[in-house]
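Just model32.cif here, mmCIF, C-alpha atoms:
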```
data_run
loop_
_atom_site.label_atom_id
_atom_site.label_comp_id
_atom_site.auth_asym_id
_atom_site.auth_seq_id
_atom_site.Cartn_x
_atom_site.Cartn_y
_atom_site.Cartn_z
CA MET A 1 0.00 0.00 0.00
CA GLY A 2 2.84 2.40 0.88
CA ASP A 3 4.55 1.76 -2.48
CA ASP A 4 1.29 2.48 -4.35
CA GLN A 5 0.86 5.74 -2.45
CA ALA A 6 4.45 6.78 -3.16
CA LEU A 7 3.99 6.03 -6.87
CA ALA A 8 0.73 7.98 -7.00
CA LEU A 9 2.36 10.95 -5.22
CA TYR A 10 5.35 10.88 -7.58
CA GLN A 11 3.05 10.88 -10.61
CA GLU A 12 1.07 13.76 -9.10
CA LEU A 13 4.27 15.80 -8.63
CA ARG A 14 5.44 15.07 -12.18
CA GLY A 15 2.07 16.03 -13.60
CA THR A 16 1.92 19.38 -11.78
CA PRO A 17 5.32 21.17 -12.08
CA GLY A 18 5.90 23.70 -9.32
CA GLU A 19 3.52 22.00 -6.91
CA THR A 20 4.58 21.70 -3.27
CA PHE A 21 4.94 18.32 -1.64
CA ASP A 22 2.15 19.07 0.85
CA GLY A 23 -0.16 20.31 -1.89
CA ALA A 24 0.22 17.13 -3.92
CA ALA A 25 -0.18 14.94 -0.82
CA ALA A 26 -3.30 16.83 0.24
CA ARG A 27 -4.99 16.16 -3.09
CA LEU A 28 -4.36 12.45 -2.55
CA GLU A 29 -5.80 12.75 0.99
CA LEU A 30 -2.71 11.24 2.62
CA THR A 31 -2.29 11.31 6.39
CA GLU A 32 0.77 12.95 7.93
CA ALA A 33 2.38 9.55 8.55
CA GLU A 34 1.69 8.45 4.98
CA ARG A 35 3.17 11.69 3.65
CA GLU A 36 6.42 11.24 5.56
CA HIS A 37 6.67 7.58 4.53
CA CYS A 38 6.20 8.49 0.86
CA ARG A 39 8.66 11.39 1.07
CA ALA A 40 11.34 9.18 2.65
CA GLU A 41 10.82 6.48 0.02
CA LEU A 42 10.95 8.90 -2.95
CA VAL A 43 14.07 10.64 -1.60
CA ALA A 44 15.78 7.26 -0.96
CA LEU A 45 15.06 6.20 -4.55
CA GLY A 46 16.43 9.50 -5.86
CA LEU A 47 13.08 10.36 -7.51
CA ILE A 48 12.75 13.69 -5.69
CA GLU A 49 15.28 16.11 -4.23
CA GLN A 50 13.94 18.15 -1.34
CA ALA A 51 15.20 21.74 -1.33
CA ALA A 52 17.39 22.54 1.69
CA PRO A 53 17.61 26.01 3.32
CA SER A 54 20.73 27.95 2.29
CA ALA A 55 21.33 29.31 5.80
CA PRO A 56 20.19 28.49 9.36
CA THR A 57 16.68 29.78 10.02
CA PRO A 58 14.64 30.16 13.21
CA ALA A 59 12.29 27.36 14.21
CA PRO A 60 9.19 27.40 11.98
CA THR A 61 6.06 29.01 13.32
CA PRO A 62 2.71 27.26 13.03
CA ALA A 63 2.07 29.31 9.89
CA GLY A 64 5.61 29.05 8.53
CA PRO A 65 6.80 26.71 5.75
CA THR A 66 8.15 23.26 6.54
CA ALA A 67 10.50 21.00 4.54
CA SER A 68 7.55 19.19 2.99
CA ALA A 69 5.87 22.51 2.10
CA THR A 70 8.71 23.45 -0.27
CA THR A 71 8.61 22.59 -3.95
CA PRO A 72 10.73 19.46 -4.53
CA THR A 73 12.83 18.80 -7.62
CA VAL A 74 11.24 15.86 -9.45
CA VAL A 75 13.87 13.60 -11.07
CA PRO A 76 12.98 11.48 -14.15
CA PRO A 77 13.05 7.74 -13.25
CA ASP A 78 15.74 6.83 -15.81
CA VAL A 79 18.09 9.52 -14.44
CA ALA A 80 17.46 8.37 -10.84
CA LEU A 81 18.17 4.77 -11.86
CA LEU A 82 21.45 5.72 -13.51
CA ARG A 83 22.53 7.63 -10.39
CA LEU A 84 21.63 4.73 -8.08
CA LEU A 85 23.45 2.22 -10.27
CA GLN A 86 26.58 4.39 -10.34
CA HIS A 87 26.35 4.78 -6.55
CA GLU A 88 26.05 1.01 -6.07
CA ARG A 89 28.93 0.41 -8.46
CA ASP A 90 31.17 2.86 -6.58
CA ARG A 91 30.15 1.31 -3.26
CA LEU A 92 30.99 -2.18 -4.51
CA GLU A 93 34.36 -1.07 -5.87
CA ASN A 94 35.19 0.40 -2.45
CA ARG A 95 34.07 -2.84 -0.79
CA LEU A 96 36.27 -4.87 -3.14
CA ALA A 97 39.27 -2.66 -2.35
CA GLU A 98 38.68 -3.14 1.38
CA THR A 99 38.35 -6.89 0.86
CA SER A 100 41.65 -7.01 -1.03
CA ARG A 101 43.44 -5.14 1.77
CA ALA A 102 41.92 -7.44 4.39
CA GLN A 103 43.01 -10.52 2.43
CA THR A 104 46.59 -9.22 2.21
CA THR A 105 46.65 -8.67 5.97
CA LEU A 106 45.27 -12.15 6.64
CA GLU A 107 47.87 -13.74 4.38
CA THR A 108 50.63 -11.90 6.21
CA LEU A 109 49.45 -12.70 9.73
CA ALA A 110 47.86 -16.12 9.43
CA GLY A 111 48.42 -17.34 5.88
CA PRO A 112 50.36 -20.51 6.75
CA PHE A 113 47.67 -21.63 9.22
CA LEU A 114 44.80 -20.89 6.86
CA ARG A 115 46.45 -22.70 3.94
CA ALA A 116 47.16 -25.70 6.11
CA GLY A 117 43.53 -25.89 7.14
CA LEU A 118 44.40 -25.66 10.83
CA GLU A 119 41.90 -22.91 11.59
CA PRO A 120 38.21 -23.76 12.00
CA ALA A 121 35.74 -22.57 9.35
CA THR A 122 34.61 -18.97 9.79
CA GLU A 123 31.57 -16.96 8.78
CA VAL A 124 33.47 -15.36 5.89
CA ALA A 125 36.35 -16.72 3.80
CA VAL A 126 37.89 -14.69 0.99
CA GLU A 127 40.56 -15.77 -1.47
CA ILE A 128 42.05 -14.00 -4.48
CA VAL A 129 42.96 -16.39 -7.30
CA ASP A 130 44.92 -15.38 -10.41
CA ASP A 131 45.04 -18.86 -12.00
CA PRO A 132 42.23 -19.16 -14.61
CA ALA A 133 42.33 -22.98 -14.46
CA ARG A 134 41.83 -22.90 -10.69
CA VAL A 135 38.89 -20.49 -11.11
CA ARG A 136 37.24 -22.84 -13.62
CA ARG A 137 37.69 -25.81 -11.26
CA GLU A 138 36.18 -23.93 -8.33
CA LEU A 139 33.26 -22.77 -10.45
CA ALA A 140 32.60 -26.29 -11.77
CA GLU A 141 32.66 -27.74 -8.25
CA VAL A 142 30.25 -25.15 -6.89
CA THR A 143 27.78 -25.35 -9.77
CA THR A 144 27.56 -29.13 -9.44
CA SER A 145 26.95 -28.99 -5.68
CA VAL A 146 24.54 -26.02 -5.58
CA ARG A 147 21.18 -26.83 -3.99
CA ASN A 148 18.86 -23.86 -4.32
CA SER A 149 19.86 -21.09 -6.70
CA VAL A 150 22.48 -19.82 -9.13
CA GLN A 151 22.61 -16.17 -10.17
CA SER A 152 24.99 -14.75 -12.75
CA MET A 153 25.65 -11.59 -14.71
CA LEU A 154 27.94 -11.42 -17.73
CA THR A 155 29.31 -8.30 -19.42
CA GLY A 156 30.20 -10.05 -22.69
CA SER A 157 29.30 -13.08 -24.81
CA VAL A 158 29.69 -16.74 -23.85
CA ARG A 159 32.50 -18.44 -25.75
CA ARG A 160 31.16 -20.59 -28.57
CA GLU A 161 32.90 -23.72 -27.26
CA GLU A 162 31.28 -23.27 -23.81
CA MET A 163 27.67 -22.82 -24.96
CA ALA A 164 26.84 -26.54 -25.17
CA TYR A 165 28.42 -27.17 -21.77
CA GLU A 166 26.40 -24.35 -20.22
CA LEU A 167 23.15 -25.78 -21.63
CA ASP A 168 23.98 -29.23 -20.25
CA ARG A 169 24.71 -27.70 -16.85
CA ASP A 170 21.43 -25.76 -16.94
CA HIS A 171 19.50 -28.93 -17.71
CA GLU A 172 21.16 -30.87 -14.89
CA GLN A 173 20.61 -28.12 -12.32
CA ILE A 174 16.98 -27.48 -13.27
CA GLU A 175 16.32 -31.23 -13.03
CA ARG A 176 17.56 -30.99 -9.41
CA GLY A 177 15.21 -28.07 -8.68
CA VAL A 178 17.84 -25.32 -8.79
CA ALA A 179 16.49 -21.87 -9.75
CA ILE A 180 18.77 -20.15 -12.29
CA GLN A 181 18.87 -16.43 -13.07
CA ALA A 182 21.16 -14.90 -15.71
CA MET A 183 21.65 -11.26 -16.70
CA TYR A 184 23.19 -9.92 -19.93
CA SER A 185 23.48 -6.56 -21.67
CA HIS A 186 21.11 -5.57 -24.47
CA ARG A 187 24.16 -5.22 -26.72
CA VAL A 188 25.26 -8.84 -26.20
CA ALA A 189 21.75 -10.10 -26.96
CA GLN A 190 22.02 -8.64 -30.47
CA VAL A 191 24.86 -11.05 -31.40
CA PRO A 192 23.18 -13.80 -33.51
CA GLU A 193 24.88 -16.73 -31.74
CA MET A 194 24.14 -15.26 -28.32
CA SER A 195 20.54 -14.56 -29.29
CA GLN A 196 20.11 -18.24 -30.14
CA HIS A 197 21.91 -19.31 -26.95
CA LEU A 198 19.69 -17.12 -24.76
CA ALA A 199 16.59 -18.52 -26.45
CA GLU A 200 17.79 -22.08 -25.72
CA ARG A 201 18.58 -21.28 -22.09
CA SER A 202 15.19 -19.62 -21.66
CA ALA A 203 13.45 -22.67 -23.17
CA LEU A 204 15.13 -24.87 -20.55
CA GLY A 205 13.69 -22.74 -17.73
CA VAL A 206 16.51 -20.28 -17.05
CA GLU A 207 15.14 -16.86 -16.06
CA ILE A 208 16.96 -14.27 -18.17
CA ARG A 209 16.94 -10.48 -18.04
CA LEU A 210 18.64 -7.83 -20.16
CA SER A 211 20.02 -4.50 -18.98
CA PRO A 212 21.54 -1.43 -20.68
CA VAL A 213 24.51 -1.71 -18.29
CA VAL A 214 25.92 -4.83 -16.61
CA PRO A 215 28.49 -3.62 -14.06
CA MET A 216 30.69 -6.74 -13.88
CA ASN A 217 30.94 -10.49 -14.27
CA MET A 218 29.50 -12.26 -11.23
CA VAL A 219 28.39 -15.76 -10.20
CA LEU A 220 26.48 -16.43 -6.95
CA ALA A 221 25.54 -19.88 -5.67
CA ASP A 222 23.01 -20.28 -2.84
CA GLU A 223 24.04 -17.92 -0.02
CA SER A 224 27.49 -19.38 0.39
CA PHE A 225 29.59 -18.62 -2.69
CA ALA A 226 30.43 -15.62 -4.87
CA LEU A 227 32.85 -15.30 -7.78
CA LEU A 228 33.71 -11.86 -9.22
CA PRO A 229 36.75 -9.96 -10.56
CA THR A 230 39.03 -7.87 -8.38
CA ASP A 231 38.72 -5.10 -10.98
CA PRO A 232 35.12 -4.80 -12.32
CA ARG A 233 36.43 -2.90 -15.35
CA ASP A 234 38.79 -5.74 -16.32
CA PRO A 235 37.12 -9.17 -16.73
CA GLU A 236 40.59 -10.75 -17.07
CA SER A 237 41.74 -9.56 -13.64
CA ALA A 238 42.29 -11.95 -10.73
CA ALA A 239 39.11 -13.41 -9.26
CA ILE A 240 37.68 -13.05 -5.78
CA LEU A 241 36.30 -16.28 -4.32
CA ALA A 242 34.07 -15.40 -1.36
CA ARG A 243 32.43 -18.02 0.84
CA GLY A 244 30.01 -17.61 3.72
CA PRO A 245 26.72 -15.70 3.97
CA GLY A 246 28.29 -12.86 5.93
CA LEU A 247 29.88 -11.47 2.75
CA VAL A 248 27.84 -13.12 0.01
CA ARG A 249 24.70 -11.34 1.24
CA SER A 250 26.18 -8.01 0.11
CA TYR A 251 26.76 -9.31 -3.41
CA ARG A 252 23.27 -10.81 -3.50
CA ALA A 253 21.81 -7.43 -2.56
CA LEU A 254 23.66 -5.75 -5.44
CA TYR A 255 22.52 -8.48 -7.82
CA ALA A 256 18.91 -8.12 -6.68
CA TYR A 257 19.05 -4.37 -7.35
CA CYS A 258 20.46 -4.85 -10.87
CA TRP A 259 17.93 -7.64 -11.52
CA GLN A 260 14.95 -5.45 -10.63
CA ALA A 261 16.24 -2.72 -12.95
CA ALA A 262 16.66 -5.14 -15.89
CA THR A 263 14.05 -6.14 -18.49
CA PRO A 264 12.71 -9.72 -18.63
CA TYR A 265 13.92 -11.59 -21.71
CA GLY A 266 11.34 -11.46 -24.47
CA GLU A 267 9.90 -8.15 -23.26
CA GLU A 268 12.77 -5.93 -24.37
CA GLU A 269 12.08 -2.39 -25.42
CA PRO A 270 13.33 -1.41 -28.91
CA LEU A 271 16.99 -0.46 -28.73
CA GLU A 272 17.80 3.20 -29.22
CA THR A 273 20.12 4.18 -32.02
CA GLY A 274 22.68 6.93 -32.29
CA GLY A 275 26.23 7.67 -31.29
CA ASP A 276 27.82 6.20 -34.42
CA GLY A 277 29.12 9.60 -35.46
CA LEU A 278 31.01 10.30 -32.21
CA THR A 279 34.77 10.74 -32.47
CA GLU A 280 37.17 9.05 -30.05
CA GLN A 281 37.73 12.41 -28.34
CA GLN A 282 33.98 12.91 -27.89
CA ARG A 283 33.56 9.36 -26.56
CA ALA A 284 36.40 9.89 -24.08
CA ALA A 285 34.81 13.11 -22.82
CA LEU A 286 31.43 11.36 -22.54
CA ARG A 287 32.86 8.47 -20.47
CA MET A 288 34.66 10.83 -18.10
CA LEU A 289 31.58 13.00 -17.55
CA ALA A 290 29.42 9.90 -16.96
CA SER A 291 31.93 8.88 -14.25
CA GLY A 292 31.51 12.21 -12.46
CA VAL A 293 34.69 13.92 -13.69
CA LYS A 294 34.45 17.73 -13.68
CA ASP A 295 34.88 19.78 -16.86
CA GLU A 296 38.23 21.14 -15.67
CA GLN A 297 39.62 17.62 -15.16
CA VAL A 298 38.26 16.53 -18.56
CA ALA A 299 40.11 19.45 -20.14
CA ARG A 300 43.36 18.46 -18.40
CA ASN A 301 43.02 14.80 -19.34
CA LEU A 302 42.33 15.60 -22.99
CA GLY A 303 44.85 18.43 -23.16
CA VAL A 304 42.29 20.95 -24.40
CA SER A 305 40.66 24.14 -23.14
CA LEU A 306 37.43 24.41 -21.16
CA ARG A 307 35.84 26.03 -24.19
CA THR A 308 36.73 22.97 -26.28
CA VAL A 309 35.23 20.67 -23.63
CA SER A 310 31.97 22.66 -23.74
CA ARG A 311 31.93 22.31 -27.51
CA LEU A 312 32.59 18.56 -27.30
CA ILE A 313 29.71 18.06 -24.88
CA SER A 314 27.37 20.12 -27.07
CA GLU A 315 28.33 17.95 -30.04
CA VAL A 316 27.75 14.77 -28.01
CA MET A 317 24.31 15.95 -26.89
CA GLN A 318 23.40 16.85 -30.47
CA GLU A 319 24.56 13.44 -31.77
CA LEU A 320 22.56 11.59 -29.09
CA GLY A 321 19.51 13.84 -29.40
CA ALA A 322 19.73 14.74 -25.70
CA ALA A 323 18.46 17.94 -24.13
CA SER A 324 20.72 17.73 -21.06
CA ARG A 325 23.90 16.08 -19.83
CA PHE A 326 21.87 13.68 -17.68
CA GLU A 327 19.80 12.61 -20.66
CA ALA A 328 22.99 12.15 -22.68
CA GLY A 329 24.38 9.89 -19.93
CA VAL A 330 21.21 7.78 -19.86
CA LYS A 331 21.17 7.38 -23.64
CA ALA A 332 24.89 6.59 -23.72
CA ALA A 333 24.35 3.80 -21.16
CA ARG A 334 21.46 2.36 -23.18
CA LEU A 335 23.55 2.41 -26.35
CA GLY A 336 26.50 0.69 -24.67
CA LEU A 337 28.77 3.70 -25.21
CA LEU A 338 29.99 3.48 -21.59
CA ASP A 339 30.89 -0.23 -21.74
CA GLY A 340 34.38 0.28 -23.13
CA GLU A 341 37.64 0.97 -21.30
CA PRO A 342 37.11 4.13 -19.22
CA ALA A 343 39.14 7.17 -20.08
CA ASP A 344 42.06 8.16 -17.90
CA GLN A 345 40.81 10.15 -14.90
CA SER A 346 44.15 10.84 -13.24
CA ALA A 347 45.12 14.35 -12.25
#
```
Can I see the file as structure tokens?
Amino acid sequence: MGDDQALALYQELRGTPGETFDGAAARLELTEAEREHCRAELVALGLIEQAAPSAPTPAPTPAGPTASATTPTVVPPDVALLRLLQHERDRLENRLAETSRAQTTLETLAGPFLRAGLEPATEVAVEIVDDPARVRRELAEVTTSVRNSVQSMLTGSVRREEMAYELDRDHEQIERGVAIQAMYSHRVAQVPEMSQHLAERSALGVEIRLSPVVPMNMVLADESFALLPTDPRDPESAAILARGPGLVRSYRALYAYCWQAATPYGEEEPLETGGDGLTEQQRAALRMLASGVKDEQVARNLGVSLRTVSRLISEVMQELGAASRFEAGVKAARLGLLDGEPADQSA
């Protein structure tokens, strides 16, 4: 019920620009408690931005304005989604960096004991593996012993020689009652071989969704195993093997967020077109801006003036048919223009 009220209030605010939060809530006959619940939910989702006072003010009088009486900034849902996804991606990258530092400390202090198996099993076990053969063995062992669910996301295509093996594994797991979810990018689904492969997986009972942006490769099994790269931007980087629900829960939460934002296979919206005419310099500027880099830093990285950066962004917006930088970022994500190697962001 609370979600329905929040959605109705959001639609009311979008339909009446300049309306105050209280005014829109009053038309929907929401109670004070329902108003505050809806406001908190919309702010948390990034769908509205409540104006904050520029300087300390005295306590409001009974007739004075309150926070909810101000006119909020209503954010389009696709822009809010892009912001939340970037926030989650940054948070995960920070978590991965902390995990790597913790693993190095553990190896230094207790590595010999842990490798010898002398310590009892703990809630969380993390290992960084740079041997691809070892990663494949671990993944094969986990996927044959999984009991309840397997969830995966893949940034690229499945190798041709692995497609038949993956279908056999799907069949065996589904026969055992394992629920399988798989997420791919819209761009990958346009490859003819991958399109056929996804159709075959779906026919077996695998639940598939497509997304404009897939942040990294990831495999989760039950609540006890996670496999992902140490560097989300480099699929060939060393892998993190995480065991134990204490850590795997965090990865499952990220996966669940990305899954809800993706489109069920077979219900895809028509892909947008555009961006083919962008130069490498324009693409580099677009990737840096989408990552939050300021215009001044973009100018330094590209070795051009601020005026040139402004011109580049105007050309990008014109090529993508975008009316704002936010809209350009959303369209670039949908078109897969942000999937490549990110531009250098160093000072």
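When all atoms listed in the file are used to compute distances to His197 (chain A), the closest of the residues A:Ala299, A:Leu335, A:Leu167, A:Leu210 turns out to be A:Leu167.
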For the file shown, what are the residues hit by the PyMOL selection byres ((chain A and resi 248) around 9), laid out as a PyMOL selection string? chain A and resi 124+220+223-226+242-247+249-253
Which residues are close to region 139-154 of chain A, i.e. within 8 Å by all atoms listed in the file, leaving aside same-chain residues fewer than 5 positions away? Reply as a list in words.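 Near neighbours after the sequence-gap exclusion: Gln173, Arg176, Gly177, Val178, Ala179, Ile180, Gln181, Ala182, Met183, Tyr184, Ser185, Val214, Met216, Asn217, Met218, Val219, Leu220, Ala221, Asp222, Phe225 and Leu227 of chain A.
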Looking at only C-alpha atoms, which of A:Glu49, A:Val74, A:Arg101, A:Ser324 is the one that sits closest to Gly15 (chain A)?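 Selected residue with least distance to Gly15 (chain A): A:Val74.
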From the options A:Asn301, A:Thr230, A:Ser314, A:Thr16, which residue's atoms come nearest to Asp130 (chain A), counting all atoms listed in the file? A:Thr230
Taking the file as shown, what set of residues would the PyMOL selection byres ((chain A and resi 88) around 12) give back, as a PyMOL selection string? chain A and resi 81-87+89-95+215-216+250-251+253-258
If I take CA of Leu30 (chain A) and CA of Leu13 (chain A), how far is one from the other in Å, to one decimal?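 CA of Leu13 (chain A) lies at a distance of 14.0 Å from CA of Leu30 (chain A).
Of note, CA of Met288 (chain A) and CA of Pro229 (chain A) are spaced 22.2 Å apart.
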Residue nearest Asp131 (chain A) among A:Leu286, A:Ala239, A:Leu337, A:Ala323 (counting only C-alpha atoms):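 Smallest distance to Asp131 (chain A) is found for A:Ala239.
The environment of Glu166 (chain A) within 10 Å, counting all atoms listed in the file and disregarding residues fewer than 5 places along the same chain, consists of A:Val158, A:Glu161, A:His171, A:Glu172, A:His197, A:Arg201.
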Skip region 289-298 of chain A itself and residues of its chain fewer than 5 positions away, then list as a VMD selection string all residues within 12 Å of it, counting only C-alpha atoms. chain A and resid 79 82 to 83 85 to 87 89 to 90 281 to 284 303 to 313 316 325 to 333 337 to 339 342 to 347
Applying 12 Å and only C-alpha atoms, which residues near Gln196 (chain A) remain after dropping the ones on its own chain fewer than 5 positions away? List them as an MDAnalysis selection string. chainID A and resid 157:158 160 163:164 167 188:191 201:203
Let's have the selection written as a short mmCIF file (atom, residue, chain, number, x, y, z; two decimals), keeping the file's coordinate frame, with C-alpha atoms.
```
data_model
loop_
_atom_site.label_atom_id
_atom_site.label_comp_id
_atom_site.auth_asym_id
_atom_site.auth_seq_id
_atom_site.Cartn_x
_atom_site.Cartn_y
_atom_site.Cartn_z
CA SER A 157 29.30 -13.08 -24.81
CA VAL A 158 29.69 -16.74 -23.85
CA ARG A 160 31.16 -20.59 -28.57
CA MET A 163 27.67 -22.82 -24.96
CA ALA A 164 26.84 -26.54 -25.17
CA LEU A 167 23.15 -25.78 -21.63
CA VAL A 188 25.26 -8.84 -26.20
CA ALA A 189 21.75 -10.10 -26.96
CA GLN A 190 22.02 -8.64 -30.47
CA VAL A 191 24.86 -11.05 -31.40
CA ARG A 201 18.58 -21.28 -22.09
CA SER A 202 15.19 -19.62 -21.66
CA ALA A 203 13.45 -22.67 -23.17
#
```
I'd like the contact shell of Ala25 (chain A) - 10 Å cut-off, only C-alpha atoms, skipping same-chain residues fewer than 6 positions apart - returned as number ranges by chain. A: 5-6, 8-10, 12-13, 31-32, 34-36, 38-39, 68
Per-axis box centre and lengths in Å around region 133-149 of chain A, 3 Å margin per side, axis-aligned, as AutoDock Vina command-line options:
```
--center_x 30.6 --center_y -24.8 --center_z -9.2 --size_x 29.5 --size_y 14.6 --size_z 16.5
```
State, in Å with one decimal place, the distance from CA of Asp168 (chain A) to CA of Glu200 (chain A).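 CA of Glu200 (chain A) lies 10.9 Å from CA of Asp168 (chain A).
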Give as a PyMOL selection string the residues that the PyMOL selection byres ((chain A and resi 127) around 6) matches when applied to the coordinates above. chain A and resi 126+128+240-241
Could you complete region 303-317 of chain A so that it carries N, CA and C atoms, and give it back as a compact mmCIF listing (two decimals), in the frame of the given file?
```txt
# COMPACT_ATOMS: atom_id res chain seq x y z
N GLY A 303 43.89 17.44 -22.69
CA GLY A 303 44.85 18.43 -23.16
C GLY A 303 44.22 19.52 -24.01
N VAL A 304 42.99 19.92 -23.64
CA VAL A 304 42.29 20.95 -24.40
C VAL A 304 41.78 22.02 -23.43
N SER A 305 41.19 23.06 -23.97
CA SER A 305 40.66 24.14 -23.14
C SER A 305 39.25 23.81 -22.66
N LEU A 306 38.80 24.57 -21.64
CA LEU A 306 37.43 24.41 -21.16
C LEU A 306 36.42 24.73 -22.26
N ARG A 307 36.74 25.68 -23.09
CA ARG A 307 35.84 26.03 -24.19
C ARG A 307 35.68 24.85 -25.15
N THR A 308 36.79 24.15 -25.40
CA THR A 308 36.73 22.97 -26.28
C THR A 308 35.90 21.87 -25.64
N VAL A 309 36.02 21.68 -24.32
CA VAL A 309 35.23 20.67 -23.63
C VAL A 309 33.74 20.99 -23.77
N SER A 310 33.38 22.27 -23.58
CA SER A 310 31.97 22.66 -23.74
C SER A 310 31.48 22.36 -25.14
N ARG A 311 32.33 22.61 -26.13
CA ARG A 311 31.93 22.31 -27.51
C ARG A 311 31.76 20.81 -27.72
N LEU A 312 32.69 20.01 -27.16
CA LEU A 312 32.59 18.56 -27.30
C LEU A 312 31.29 18.03 -26.71
N ILE A 313 30.94 18.54 -25.53
CA ILE A 313 29.71 18.06 -24.88
C ILE A 313 28.48 18.48 -25.68
N SER A 314 28.50 19.68 -26.24
CA SER A 314 27.37 20.12 -27.07
C SER A 314 27.23 19.22 -28.28
N GLU A 315 28.36 18.84 -28.88
CA GLU A 315 28.33 17.95 -30.04
C GLU A 315 27.82 16.56 -29.67
N VAL A 316 28.22 16.07 -28.48
CA VAL A 316 27.75 14.77 -28.01
C VAL A 316 26.24 14.80 -27.80
N MET A 317 25.74 15.85 -27.14
CA MET A 317 24.31 15.95 -26.89
C MET A 317 23.52 16.03 -28.20
```
